[in-house]
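Participant: For reference, the structure I am asking about is given below.
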Protein chains: 2
Amino acid sequence: MKKIFFAIACTFFFQLNIFSQRLIDFVNPFIGTAAHGHTYPGATLPFGMVQLSPDNGTQGWDWCSGYNYSDSLIQGFSHTHLSGTGIGDLCDISVMPLVNVQPSIQKIKSSFSHKQEIATPGYYAVLLKNFDVWTELTATVRCGFHKYTFPDSKNAAIKIDLGFAINWDAPTECSIKKINDSTFVGYRFSTGWAKDQKIFFAIKLNKAVKVLSLFADDQSINSNETKGKDVKAFLQFETIKGERVLMKVGLSSADIEGALESLNEIKDWNFERVKKDAENIWERELRKLQIRSDDIALKQTFYTAIYHTMLSPNRFSDRYGNYKGINGKIQNGKSIYTTSSLWDTFRAENPLLTLTQTELVPSIINSYLSFYDQYGLLPVWDLQFNETNCMTGYHCIPIIADAILKGITGFDYEKAYYAMLASANQNIRGADVYRQYNYVPQDKVGSSVTITLEYSYDDWCIAQVAKRIGKMTDYRDFMKRSLNWRNLFDRKTGFARAKNSDGKWVVPFDPFYSEHDEKKAAYTEGNAWQHSFFVPHDVYGLMNYLGGQKTICR
Amino acid sequence: MKKIFFAIACTFFFQLNIFSQRLIDFVNPFIGTAAHGHTYPGATLPFGMVQLSPDNGTQGWDWCSGYNYSDSLIQGFSHTHLSGTGIGDLCDISVMPLVNVQPSIQKIKSSFSHKQEIATPGYYAVLLKNFDVWTELTATVRCGFHKYTFPDSKNAAIKIDLGFAINWDAPTECSIKKINDSTFVGYRFSTGWAKDQKIFFAIKLNKAVKVLSLFADDQSINSNETKGKDVKAFLQFETIKGERVLMKVGLSSADIEGALESLNEIKDWNFERVKKDAENIWERELRKLQIRSDDIALKQTFYTAIYHTMLSPNRFSDRYGNYKGINGKIQNGKSIYTTSSLWDTFRAENPLLTLTQTELVPSIINSYLSFYDQYGLLPVWDLQFNETNCMTGYHCIPIIADAILKGITGFDYEKAYYAMLASANQNIRGADVYRQYNYVPQDKVGSSVTITLEYSYDDWCIAQVAKRIGKMTDYRDFMKRSLNWRNLFDRKTGFARAKNSDGKWVVPFDPFYSEHDEKKAAYTEGNAWQHSFFVPHDVYGLMNYLGGQKTICR
């Protein structure tokens, strides 16, 4: 018997020890929310569909993700957010608990203090000072879960603001319909940086709504449902002091059926359990990469960065496998992901995911291939299955090549290869002139140096996959193409430089000069010093062009 | 220790004993399915929304409930059926497993044998001989559950036939939409004996459908969804020998959201458990009325009759509380019931329900009151929240009066009373001439004797409620009205007889003569011998009119 007690005691101690070292405790979701960080502090699961996070309601580039640490007001909590992109979009299905506010189309904000605000992986909480409502948020993959602790009030409400929009984004058609006094469904269609966005929602409360006040395009609507460009709904009820009102919000990009099914991710009203589940999921993910250090700040920086690597791409298919395809119609697929800012992620984030999320990589690549099926090309910068064609290169190619060369299976290599070829043979994005001149002439297409260097690298990636699947003629062709970077390398100055179509260097040349205008710039968001070294596939070639080993090591 | 074993053994024996005497084993759902019985043998719960039962596909009065025991063919299994009414309606959402049949708009039937057919409370099974598919059906309140055991086939399918209709009924608009390869939603709107019928459905299979073949109004449709008057869908797949394909079909009269929610009544694919749950629910209900006898046939007759008393009214509100209201729009209410054939049930069935279903009665009466809210009158013969105005009297009145006088609470007595008054003061159904002449003149309104006797009784019921809630003037007025039966009683012949508006008896008079034509008949579905004694509220009065105690007891 003593042995058993000892074993139990050990187990207990061991578990205690684990808990005292939870890695999620090192994650600070506020990191990156200030200045131009463009992160959000709200509740989400790794690669989840829902990012439930506060929005200040301020327009401007620093509020691309809805929230900036410098702000002091909150206009609501919306269910989709971008992390780290600098794109002012999404923020769909904004909701806000209110007290003693007459329903109207006016903006309603509350002040808040960082002293009464908590953000941990999968959980966010804040006191809305104007209404004395303690707001807590958590989430499953496709369902946001809200817990509002209200004061005593004859006039409490939850505002659903489908017209709420930030920066690039604007609603095109919104709808809400009452199913019963605690269930509501609808959608928000919008256009913005991604032209065709559809989010369907299903809302379920643990409390009966007494009065439903609707507004559509500035008009008060006396009905159980409405439709319009700007739709606002006030779900009104009475509360007693300390009463907890819980609300689930399920999403789907396909249809209301899918949104309702998302609600089934949370079977009951146990907020604490869902929060704990979210924490456990994050803890498990964070444990994949561990560091040892006594420097708490370093650990916070590290684990928060790891946390940020697991925010996107985002689950796009609903529980039925449905999602809004690139033609706006419903498509069906297994575990489809979106939000692929590939110019930002192909160098480091995607290779990291092959190590930390090996089992997820096939789903991500199959999502690219579904995109290719519907669009004819692999995605460049896919948001909600829209091609935004942003930034240079076609960097699905290195990502897929990386997975193939690392031996990751679960997708069709042959199909992936032909999709890569389609990208390399397209006639947009300067690819045609690149093939014609073996470099991109600056007088034909802007950002010519960056594009040339990046296409060269992508060509090399195609060559490696061609070799891997036995297409040796293609291998030789693309290996040749992969040397195109040399056509823009000026041995005299030691930099990659822009050439016009007459084969002459563009002058004047200043290796420190950076131009932001895409057409005028030779380099994208950088200068010759930053871009010239992007020859990761031909480092010995680069060394020779720079004057050989001696010059470089000098 | 021995004592514990003894206790366990006793418990086991006791339980065994209970099981060996299951009352559901005495129920034979085939009783009433032959000749003009108009019952159905399929699977349902007490007062359930779903009545999942085979349809022969034969038109004709004896097939009002889809199935007649004399038939040898099955065209499908639909989800709504009437029991015992002689009304050829409903039979919505017909489905049928098939093997080796090319999808087409042609009728498809299979032969079957009663030797390979089982019907017990909550369960029905049959072998479809043409396809060698063993079909089993069970149900929850709002969800049908199908289990098909298929043979080996490259060409198996489930046909969804929204165009399927019997007798009075015809589809007006049907729709089906694929959500994913195992989920489908849609609706069937139809008109028939009840003019405005809407059934929304959600279908979920435990198997992926390979090919979906759709037909709308005789045209083959190449799409994932379609709409039309007559819509047929073939869900096609391959099966191996003995493979069990399970399918759930959830219903709502309000919307697809409600139908999807009905699917949540069955959380998994455990057919046996759902069947067992249904049996347990029936067993519990049957145990409310027990007889002792060694006559097995008598017990079968008795318990099957009790079973039949618990088939309607039917749950109409979905899990959200929503249902199609009398104006065709969605209404919301708590536990709303429909299918109220009140002329058939006010004498015996409804009084019985106050004893066996006391807790259900308030919901039934509140359903009548919701009907009154929407229509201005209490229901006479409500089917799917349509007033069919069939048969004589306004017999919601005695039903509500019975409940009030028995002290059943849970509904608004005052409101119920005003609803009764509205019925008594209406200007249709001969009520106006009844008030004018103090009897219904046969030259003004047919079935005049039956109507006069029944209105007199209903008046007495109003009087009793008036007294109960203290409306003494009304009490006296309606007690006076309740004697109106005397105005049609011919003391000479000893029968209630028709009079014209001139106050003279209608001749010729034959107490054995029965006329079925509503307008020509003086008595509804009967003759003077059958109707004259319907004075349940004034038996001493009747005795005096018949010549006093001596004459009656002669």
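Ordering of the structure tokens sets the chain letters (A, B, ...); residue numbers start at 1 within each chain; ligands are numbered from 1 in the order shown.
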What's around Ile462 (chain A) at 10 Å? Count only C-alpha atoms, leave out sequence neighbours fewer than 4 positions away in its own chain, and write the answer as a PDB file with all heavy atoms, in the first residue's frame.

Facilitator:
```
ATOM      1  N   ILE A 397       6.002  27.323 -55.098  1.00  0.00           N
ATOM      2  CA  ILE A 397       6.941  26.359 -55.679  1.00  0.00           C
ATOM      3  C   ILE A 397       8.001  25.906 -54.673  1.00  0.00           C
ATOM      4  O   ILE A 397       8.150  24.699 -54.441  1.00  0.00           O
ATOM      5  CB  ILE A 397       7.538  26.935 -56.980  1.00  0.00           C
ATOM      6  CG1 ILE A 397       6.454  26.945 -58.069  1.00  0.00           C
ATOM      7  CG2 ILE A 397       8.768  26.144 -57.425  1.00  0.00           C
ATOM      8  CD1 ILE A 397       6.829  27.711 -59.329  1.00  0.00           C
ATOM      9  N   PRO A 398       8.760  26.830 -54.054  1.00  0.00           N
ATOM     10  CA  PRO A 398       9.742  26.338 -53.067  1.00  0.00           C
ATOM     11  C   PRO A 398       9.094  25.610 -51.889  1.00  0.00           C
ATOM     12  O   PRO A 398       9.684  24.669 -51.353  1.00  0.00           O
ATOM     13  CB  PRO A 398      10.464  27.614 -52.603  1.00  0.00           C
ATOM     14  CG  PRO A 398       9.633  28.762 -53.080  1.00  0.00           C
ATOM     15  CD  PRO A 398       8.893  28.281 -54.287  1.00  0.00           C
ATOM     16  N   ILE A 400       6.335  23.718 -51.875  1.00  0.00           N
ATOM     17  CA  ILE A 400       5.988  22.345 -52.267  1.00  0.00           C
ATOM     18  C   ILE A 400       7.259  21.529 -52.505  1.00  0.00           C
ATOM     19  O   ILE A 400       7.366  20.367 -52.093  1.00  0.00           O
ATOM     20  CB  ILE A 400       5.087  22.348 -53.522  1.00  0.00           C
ATOM     21  CG1 ILE A 400       3.757  23.061 -53.218  1.00  0.00           C
ATOM     22  CG2 ILE A 400       4.822  20.923 -53.994  1.00  0.00           C
ATOM     23  CD1 ILE A 400       2.841  23.222 -54.420  1.00  0.00           C
ATOM     24  N   ALA A 401       8.244  22.168 -53.155  1.00  0.00           N
ATOM     25  CA  ALA A 401       9.513  21.463 -53.418  1.00  0.00           C
ATOM     26  C   ALA A 401      10.157  21.019 -52.105  1.00  0.00           C
ATOM     27  O   ALA A 401      10.637  19.888 -51.976  1.00  0.00           O
ATOM     28  CB  ALA A 401      10.453  22.376 -54.205  1.00  0.00           C
ATOM     29  N   TYR A 417       3.634  18.851 -59.355  1.00  0.00           N
ATOM     30  CA  TYR A 417       4.674  19.249 -60.305  1.00  0.00           C
ATOM     31  C   TYR A 417       4.075  20.019 -61.481  1.00  0.00           C
ATOM     32  O   TYR A 417       4.580  21.070 -61.873  1.00  0.00           O
ATOM     33  CB  TYR A 417       5.432  18.004 -60.797  1.00  0.00           C
ATOM     34  CG  TYR A 417       6.508  18.360 -61.783  1.00  0.00           C
ATOM     35  CD1 TYR A 417       7.645  19.068 -61.385  1.00  0.00           C
ATOM     36  CD2 TYR A 417       6.389  18.022 -63.139  1.00  0.00           C
ATOM     37  CE1 TYR A 417       8.622  19.425 -62.293  1.00  0.00           C
ATOM     38  CE2 TYR A 417       7.360  18.371 -64.050  1.00  0.00           C
ATOM     39  CZ  TYR A 417       8.480  19.073 -63.621  1.00  0.00           C
ATOM     40  OH  TYR A 417       9.447  19.437 -64.527  1.00  0.00           O
ATOM     41  N   TYR A 418       2.952  19.510 -62.028  1.00  0.00           N
ATOM     42  CA  TYR A 418       2.337  20.205 -63.168  1.00  0.00           C
ATOM     43  C   TYR A 418       1.776  21.561 -62.738  1.00  0.00           C
ATOM     44  O   TYR A 418       1.769  22.517 -63.523  1.00  0.00           O
ATOM     45  CB  TYR A 418       1.262  19.324 -63.825  1.00  0.00           C
ATOM     46  CG  TYR A 418       1.902  18.242 -64.660  1.00  0.00           C
ATOM     47  CD1 TYR A 418       1.846  16.902 -64.292  1.00  0.00           C
ATOM     48  CD2 TYR A 418       2.631  18.587 -65.814  1.00  0.00           C
ATOM     49  CE1 TYR A 418       2.486  15.919 -65.035  1.00  0.00           C
ATOM     50  CE2 TYR A 418       3.264  17.607 -66.569  1.00  0.00           C
ATOM     51  CZ  TYR A 418       3.198  16.268 -66.176  1.00  0.00           C
ATOM     52  OH  TYR A 418       3.838  15.318 -66.918  1.00  0.00           O
ATOM     53  N   MET A 420       3.225  23.426 -60.478  1.00  0.00           N
ATOM     54  CA  MET A 420       4.432  24.276 -60.445  1.00  0.00           C
ATOM     55  C   MET A 420       4.773  24.779 -61.839  1.00  0.00           C
ATOM     56  O   MET A 420       5.078  25.967 -62.040  1.00  0.00           O
ATOM     57  CB  MET A 420       5.634  23.468 -59.943  1.00  0.00           C
ATOM     58  CG  MET A 420       5.598  23.134 -58.485  1.00  0.00           C
ATOM     59  SD  MET A 420       7.011  22.038 -58.170  1.00  0.00           S
ATOM     60  CE  MET A 420       6.947  21.947 -56.405  1.00  0.00           C
ATOM     61  N   LEU A 421       4.721  23.857 -62.813  1.00  0.00           N
ATOM     62  CA  LEU A 421       5.035  24.225 -64.196  1.00  0.00           C
ATOM     63  C   LEU A 421       4.076  25.312 -64.683  1.00  0.00           C
ATOM     64  O   LEU A 421       4.481  26.246 -65.375  1.00  0.00           O
ATOM     65  CB  LEU A 421       4.922  23.008 -65.121  1.00  0.00           C
ATOM     66  CG  LEU A 421       6.035  21.972 -65.067  1.00  0.00           C
ATOM     67  CD1 LEU A 421       5.848  20.945 -66.203  1.00  0.00           C
ATOM     68  CD2 LEU A 421       7.423  22.613 -65.177  1.00  0.00           C
ATOM     69  N   ALA A 424       5.239  28.587 -63.514  1.00  0.00           N
ATOM     70  CA  ALA A 424       6.457  29.035 -64.216  1.00  0.00           C
ATOM     71  C   ALA A 424       6.159  29.435 -65.655  1.00  0.00           C
ATOM     72  O   ALA A 424       6.936  30.174 -66.266  1.00  0.00           O
ATOM     73  CB  ALA A 424       7.510  27.928 -64.178  1.00  0.00           C
ATOM     74  N   SER A 456      14.481  32.883 -60.455  1.00  0.00           N
ATOM     75  CA  SER A 456      15.630  31.983 -60.620  1.00  0.00           C
ATOM     76  C   SER A 456      15.626  30.904 -59.549  1.00  0.00           C
ATOM     77  O   SER A 456      15.822  29.720 -59.825  1.00  0.00           O
ATOM     78  CB  SER A 456      16.944  32.774 -60.516  1.00  0.00           C
ATOM     79  OG  SER A 456      16.996  33.769 -61.493  1.00  0.00           O
ATOM     80  N   TYR A 457      15.400  31.365 -58.316  1.00  0.00           N
ATOM     81  CA  TYR A 457      15.366  30.397 -57.203  1.00  0.00           C
ATOM     82  C   TYR A 457      14.209  29.416 -57.375  1.00  0.00           C
ATOM     83  O   TYR A 457      14.369  28.198 -57.217  1.00  0.00           O
ATOM     84  CB  TYR A 457      15.246  31.141 -55.865  1.00  0.00           C
ATOM     85  CG  TYR A 457      14.992  30.227 -54.694  1.00  0.00           C
ATOM     86  CD1 TYR A 457      15.923  29.244 -54.338  1.00  0.00           C
ATOM     87  CD2 TYR A 457      13.823  30.323 -53.942  1.00  0.00           C
ATOM     88  CE1 TYR A 457      15.698  28.386 -53.277  1.00  0.00           C
ATOM     89  CE2 TYR A 457      13.588  29.471 -52.873  1.00  0.00           C
ATOM     90  CZ  TYR A 457      14.517  28.504 -52.540  1.00  0.00           C
ATOM     91  OH  TYR A 457      14.289  27.654 -51.489  1.00  0.00           O
ATOM     92  N   ASP A 458      13.018  29.938 -57.735  1.00  0.00           N
ATOM     93  CA  ASP A 458      11.858  29.062 -57.936  1.00  0.00           C
ATOM     94  C   ASP A 458      12.141  28.056 -59.064  1.00  0.00           C
ATOM     95  O   ASP A 458      11.729  26.888 -58.992  1.00  0.00           O
ATOM     96  CB  ASP A 458      10.609  29.907 -58.260  1.00  0.00           C
ATOM     97  CG  ASP A 458      10.136  30.735 -57.056  1.00  0.00           C
ATOM     98  OD1 ASP A 458      10.615  30.486 -55.925  1.00  0.00           O
ATOM     99  OD2 ASP A 458       9.304  31.634 -57.248  1.00  0.00           O
ATOM    100  N   ALA A 466      11.760  18.038 -60.521  1.00  0.00           N
ATOM    101  CA  ALA A 466      11.810  17.320 -61.805  1.00  0.00           C
ATOM    102  C   ALA A 466      12.779  16.137 -61.688  1.00  0.00           C
ATOM    103  O   ALA A 466      12.465  15.015 -62.092  1.00  0.00           O
ATOM    104  CB  ALA A 466      12.248  18.275 -62.911  1.00  0.00           C
ATOM    105  N   LYS A 467      13.918  16.406 -61.084  1.00  0.00           N
ATOM    106  CA  LYS A 467      14.928  15.355 -60.902  1.00  0.00           C
ATOM    107  C   LYS A 467      14.385  14.244 -59.998  1.00  0.00           C
ATOM    108  O   LYS A 467      14.525  13.059 -60.282  1.00  0.00           O
ATOM    109  CB  LYS A 467      16.171  15.991 -60.274  1.00  0.00           C
ATOM    110  CG  LYS A 467      17.389  15.105 -60.195  1.00  0.00           C
ATOM    111  CD  LYS A 467      18.521  15.927 -59.607  1.00  0.00           C
ATOM    112  CE  LYS A 467      19.711  15.072 -59.220  1.00  0.00           C
ATOM    113  NZ  LYS A 467      20.630  15.860 -58.365  1.00  0.00           N
ATOM    114  N   ARG A 468      13.685  14.673 -58.952  1.00  0.00           N
ATOM    115  CA  ARG A 468      13.164  13.720 -57.967  1.00  0.00           C
ATOM    116  C   ARG A 468      12.129  12.777 -58.587  1.00  0.00           C
ATOM    117  O   ARG A 468      12.068  11.599 -58.236  1.00  0.00           O
ATOM    118  CB  ARG A 468      12.547  14.521 -56.809  1.00  0.00           C
ATOM    119  CG  ARG A 468      11.711  13.766 -55.805  1.00  0.00           C
ATOM    120  CD  ARG A 468      12.549  12.951 -54.830  1.00  0.00           C
ATOM    121  NE  ARG A 468      11.688  12.349 -53.812  1.00  0.00           N
ATOM    122  CZ  ARG A 468      10.801  11.397 -54.029  1.00  0.00           C
ATOM    123  NH1 ARG A 468      10.649  10.922 -55.233  1.00  0.00           N
ATOM    124  NH2 ARG A 468      10.080  10.916 -53.035  1.00  0.00           N
ATOM    125  N   ASP A 474      13.230  18.295 -68.220  1.00  0.00           N
ATOM    126  CA  ASP A 474      12.776  19.468 -67.448  1.00  0.00           C
ATOM    127  C   ASP A 474      13.853  19.891 -66.461  1.00  0.00           C
ATOM    128  O   ASP A 474      14.097  21.093 -66.268  1.00  0.00           O
ATOM    129  CB  ASP A 474      11.497  19.143 -66.659  1.00  0.00           C
ATOM    130  CG  ASP A 474      10.265  19.062 -67.560  1.00  0.00           C
ATOM    131  OD1 ASP A 474      10.411  19.234 -68.781  1.00  0.00           O
ATOM    132  OD2 ASP A 474       9.163  18.817 -67.023  1.00  0.00           O
ATOM    133  N   TYR A 475      14.470  18.910 -65.806  1.00  0.00           N
ATOM    134  CA  TYR A 475      15.501  19.219 -64.811  1.00  0.00           C
ATOM    135  C   TYR A 475      16.583  20.103 -65.421  1.00  0.00           C
ATOM    136  O   TYR A 475      16.929  21.153 -64.885  1.00  0.00           O
ATOM    137  CB  TYR A 475      16.108  17.918 -64.265  1.00  0.00           C
ATOM    138  CG  TYR A 475      17.356  18.139 -63.447  1.00  0.00           C
ATOM    139  CD1 TYR A 475      17.295  18.793 -62.210  1.00  0.00           C
ATOM    140  CD2 TYR A 475      18.613  17.710 -63.911  1.00  0.00           C
ATOM    141  CE1 TYR A 475      18.439  19.008 -61.458  1.00  0.00           C
ATOM    142  CE2 TYR A 475      19.757  17.928 -63.161  1.00  0.00           C
ATOM    143  CZ  TYR A 475      19.663  18.583 -61.936  1.00  0.00           C
ATOM    144  OH  TYR A 475      20.803  18.804 -61.203  1.00  0.00           O
ATOM    145  N   ASP A 477      16.442  21.881 -68.216  1.00  0.00           N
ATOM    146  CA  ASP A 477      15.894  23.189 -68.632  1.00  0.00           C
ATOM    147  C   ASP A 477      15.804  24.157 -67.457  1.00  0.00           C
ATOM    148  O   ASP A 477      16.201  25.317 -67.554  1.00  0.00           O
ATOM    149  CB  ASP A 477      14.490  23.019 -69.236  1.00  0.00           C
ATOM    150  CG  ASP A 477      14.544  22.332 -70.591  1.00  0.00           C
ATOM    151  OD1 ASP A 477      15.670  22.161 -71.126  1.00  0.00           O
ATOM    152  OD2 ASP A 477      13.473  21.949 -71.101  1.00  0.00           O
ATOM    153  N   PHE A 478      15.265  23.652 -66.328  1.00  0.00           N
ATOM    154  CA  PHE A 478      15.044  24.564 -65.195  1.00  0.00           C
ATOM    155  C   PHE A 478      16.335  24.860 -64.435  1.00  0.00           C
ATOM    156  O   PHE A 478      16.464  25.916 -63.827  1.00  0.00           O
ATOM    157  CB  PHE A 478      13.923  24.042 -64.281  1.00  0.00           C
ATOM    158  CG  PHE A 478      12.565  24.395 -64.812  1.00  0.00           C
ATOM    159  CD1 PHE A 478      11.861  23.524 -65.633  1.00  0.00           C
ATOM    160  CD2 PHE A 478      12.012  25.640 -64.528  1.00  0.00           C
ATOM    161  CE1 PHE A 478      10.617  23.866 -66.136  1.00  0.00           C
ATOM    162  CE2 PHE A 478      10.773  25.999 -65.044  1.00  0.00           C
ATOM    163  CZ  PHE A 478      10.064  25.116 -65.858  1.00  0.00           C
ATOM    164  N   MET A 479      17.288  23.944 -64.486  1.00  0.00           N
ATOM    165  CA  MET A 479      18.592  24.269 -63.898  1.00  0.00           C
ATOM    166  C   MET A 479      19.225  25.423 -64.672  1.00  0.00           C
ATOM    167  O   MET A 479      19.847  26.310 -64.082  1.00  0.00           O
ATOM    168  CB  MET A 479      19.505  23.034 -63.921  1.00  0.00           C
ATOM    169  CG  MET A 479      19.248  22.066 -62.781  1.00  0.00           C
ATOM    170  SD  MET A 479      19.284  22.811 -61.121  1.00  0.00           S
ATOM    171  CE  MET A 479      21.060  23.012 -60.869  1.00  0.00           C
ATOM    172  N   SER A 482      17.580  28.522 -63.757  1.00  0.00           N
ATOM    173  CA  SER A 482      17.886  28.930 -62.380  1.00  0.00           C
ATOM    174  C   SER A 482      19.156  29.793 -62.313  1.00  0.00           C
ATOM    175  O   SER A 482      19.452  30.393 -61.288  1.00  0.00           O
ATOM    176  CB  SER A 482      18.039  27.710 -61.473  1.00  0.00           C
ATOM    177  OG  SER A 482      19.307  27.106 -61.658  1.00  0.00           O
TER     178      SER A 482
END
```

Participant: For Ser252 (chain A), please output as a VMD selection string all residues within 6 Å (counting only C-alpha atoms; exclusion window: fewer than 6 positions along the same chain).

Facilitator: chain A and resid 199 to 200 258 to 259 318

Participant: Dump N, CA and C atoms for the selected residues as an mmCIF file, in the first residue's frame?

Facilitator:
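Everything below was put into out_28.cif:
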```cif
data_model
loop_
_atom_site.group_PDB
_atom_site.id
_atom_site.type_symbol
_atom_site.label_atom_id
_atom_site.label_comp_id
_atom_site.auth_asym_id
_atom_site.auth_seq_id
_atom_site.Cartn_x
_atom_site.Cartn_y
_atom_site.Cartn_z
ATOM 1 N N ILE A 199 -18.677 35.165 -44.995
ATOM 2 C CA ILE A 199 -18.658 34.509 -43.685
ATOM 3 C C ILE A 199 -20.102 34.312 -43.234
ATOM 4 N N PHE A 200 -20.495 33.058 -43.073
ATOM 5 C CA PHE A 200 -21.802 32.722 -42.517
ATOM 6 C C PHE A 200 -21.619 32.449 -41.023
ATOM 7 N N GLY A 258 -23.308 25.046 -42.539
ATOM 8 C CA GLY A 258 -21.959 24.831 -42.018
ATOM 9 C C GLY A 258 -21.719 25.595 -40.730
ATOM 10 N N ALA A 259 -22.242 26.821 -40.657
ATOM 11 C CA ALA A 259 -22.073 27.626 -39.445
ATOM 12 C C ALA A 259 -22.771 26.967 -38.256
ATOM 13 N N ASP A 318 -15.371 23.965 -43.482
ATOM 14 C CA ASP A 318 -16.166 23.756 -42.278
ATOM 15 C C ASP A 318 -16.243 22.275 -41.936
#
```

Participant: Please tabulate, as JSON lines, the residues of chain A that come within 8 Å of chain B, each with its closest pair of atoms and the distance in Å to one decimal, counting only C-alpha atoms and ordering rows by chain, then residue number upward.

Facilitator:
```
{"residue": "A:Ile179", "atom": "CA", "partner": "B:Tyr320", "partner_atom": "CA", "distance": 6.7}
{"residue": "A:Asn180", "atom": "CA", "partner": "B:Tyr320", "partner_atom": "CA", "distance": 5.7}
{"residue": "A:Thr183", "atom": "CA", "partner": "B:Tyr320", "partner_atom": "CA", "distance": 7.8}
{"residue": "A:Ile256", "atom": "CA", "partner": "B:Glu257", "partner_atom": "CA", "distance": 7.9}
{"residue": "A:Glu257", "atom": "CA", "partner": "B:Glu257", "partner_atom": "CA", "distance": 6.8}
{"residue": "A:Leu260", "atom": "CA", "partner": "B:Glu257", "partner_atom": "CA", "distance": 7.6}
{"residue": "A:Tyr320", "atom": "CA", "partner": "B:Asn180", "partner_atom": "CA", "distance": 5.7}
{"residue": "A:Gly321", "atom": "CA", "partner": "B:Asn180", "partner_atom": "CA", "distance": 6.8}
{"residue": "A:Asn322", "atom": "CA", "partner": "B:Asn180", "partner_atom": "CA", "distance": 6.9}
{"residue": "A:Asn332", "atom": "CA", "partner": "B:Asn180", "partner_atom": "CA", "distance": 6.6}
```

Participant: So which bits of region 289-518 of chain A end up alpha helix (DSSP H) when you DSSP the backbone, as a ChimeraX atom specification?

Facilitator: /A:296-309,342-345,349-356,361-375,396-405,413-424,431-437,448-468,472-481

Participant: Under the rule that only C-alpha atoms are counted, which of B:Phe237, B:Trp505, B:Ile306, B:Ile408 is the nearest residue to Lys210 (chain B)?

Facilitator: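 Closest to Lys210 (chain B), using only C-alpha atoms: B:Phe237.
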
Participant: Can you tell me, as an MDAnalysis selection string, what residues are no more than 12 Å from Gly503 (chain B) when counting only C-alpha atoms, ignoring any on the same chain fewer than 5 positions away?

Facilitator: chainID B and resid 437:443 487:488 497:498

Participant: Just want the 10 Å neighbourhood of Lys288 (chain B), counted on only C-alpha atoms, with same-chain residues fewer than 5 positions away dropped. Output as JSON, numbers by chain.

Facilitator: {"B": [283, 306, 355, 356, 357]}

Participant: Residues at most 8 Å from Leu23 (chain A), counting only C-alpha atoms, excluding those fewer than 6 positions away in the same chain, as a short mmCIF file (atom, residue, chain, number, x, y, z; two decimals) with all heavy atoms, in the first residue's frame?

Facilitator:
```cif
data_model
loop_
_atom_site.label_atom_id
_atom_site.label_comp_id
_atom_site.auth_asym_id
_atom_site.auth_seq_id
_atom_site.Cartn_x
_atom_site.Cartn_y
_atom_site.Cartn_z
N GLU A 283 -0.42 24.21 -25.39
CA GLU A 283 0.71 23.67 -24.64
C GLU A 283 1.39 22.54 -25.42
O GLU A 283 2.62 22.48 -25.52
CB GLU A 283 0.22 23.18 -23.27
CG GLU A 283 1.30 22.64 -22.34
CD GLU A 283 2.26 23.72 -21.84
OE1 GLU A 283 1.90 24.92 -21.88
OE2 GLU A 283 3.39 23.36 -21.46
N LEU A 286 3.36 24.01 -28.33
CA LEU A 286 4.57 24.74 -27.91
C LEU A 286 5.67 23.80 -27.47
O LEU A 286 6.86 24.08 -27.63
CB LEU A 286 4.23 25.72 -26.77
CG LEU A 286 3.31 26.89 -27.15
CD1 LEU A 286 2.91 27.66 -25.89
CD2 LEU A 286 4.00 27.83 -28.15
N ARG A 287 5.29 22.63 -26.95
CA ARG A 287 6.29 21.68 -26.44
C ARG A 287 7.13 21.06 -27.57
O ARG A 287 8.11 20.37 -27.29
CB ARG A 287 5.60 20.56 -25.64
CG ARG A 287 5.11 21.06 -24.31
CD ARG A 287 4.71 20.03 -23.32
NE ARG A 287 4.49 20.74 -22.06
CZ ARG A 287 5.47 21.00 -21.19
NH1 ARG A 287 6.69 20.56 -21.39
NH2 ARG A 287 5.20 21.69 -20.10
N TYR A 303 8.83 31.85 -27.07
CA TYR A 303 7.58 31.09 -27.14
C TYR A 303 6.45 31.89 -27.76
O TYR A 303 5.56 31.33 -28.39
CB TYR A 303 7.20 30.54 -25.76
CG TYR A 303 8.10 29.39 -25.36
CD1 TYR A 303 9.01 29.50 -24.32
CD2 TYR A 303 8.05 28.18 -26.07
CE1 TYR A 303 9.85 28.45 -23.98
CE2 TYR A 303 8.89 27.13 -25.75
CZ TYR A 303 9.79 27.26 -24.70
OH TYR A 303 10.62 26.22 -24.39
#
```

Participant: Any idea what's packed within 6 Å of Gly186 (chain B), counting only C-alpha atoms, ignoring anything in its chain fewer than 6 positions away? Could you give it as a list in words?

Facilitator: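 Near neighbours after the sequence-gap exclusion: Ser175, Ile176, Lys177, Phe200 and Phe201 of chain B.
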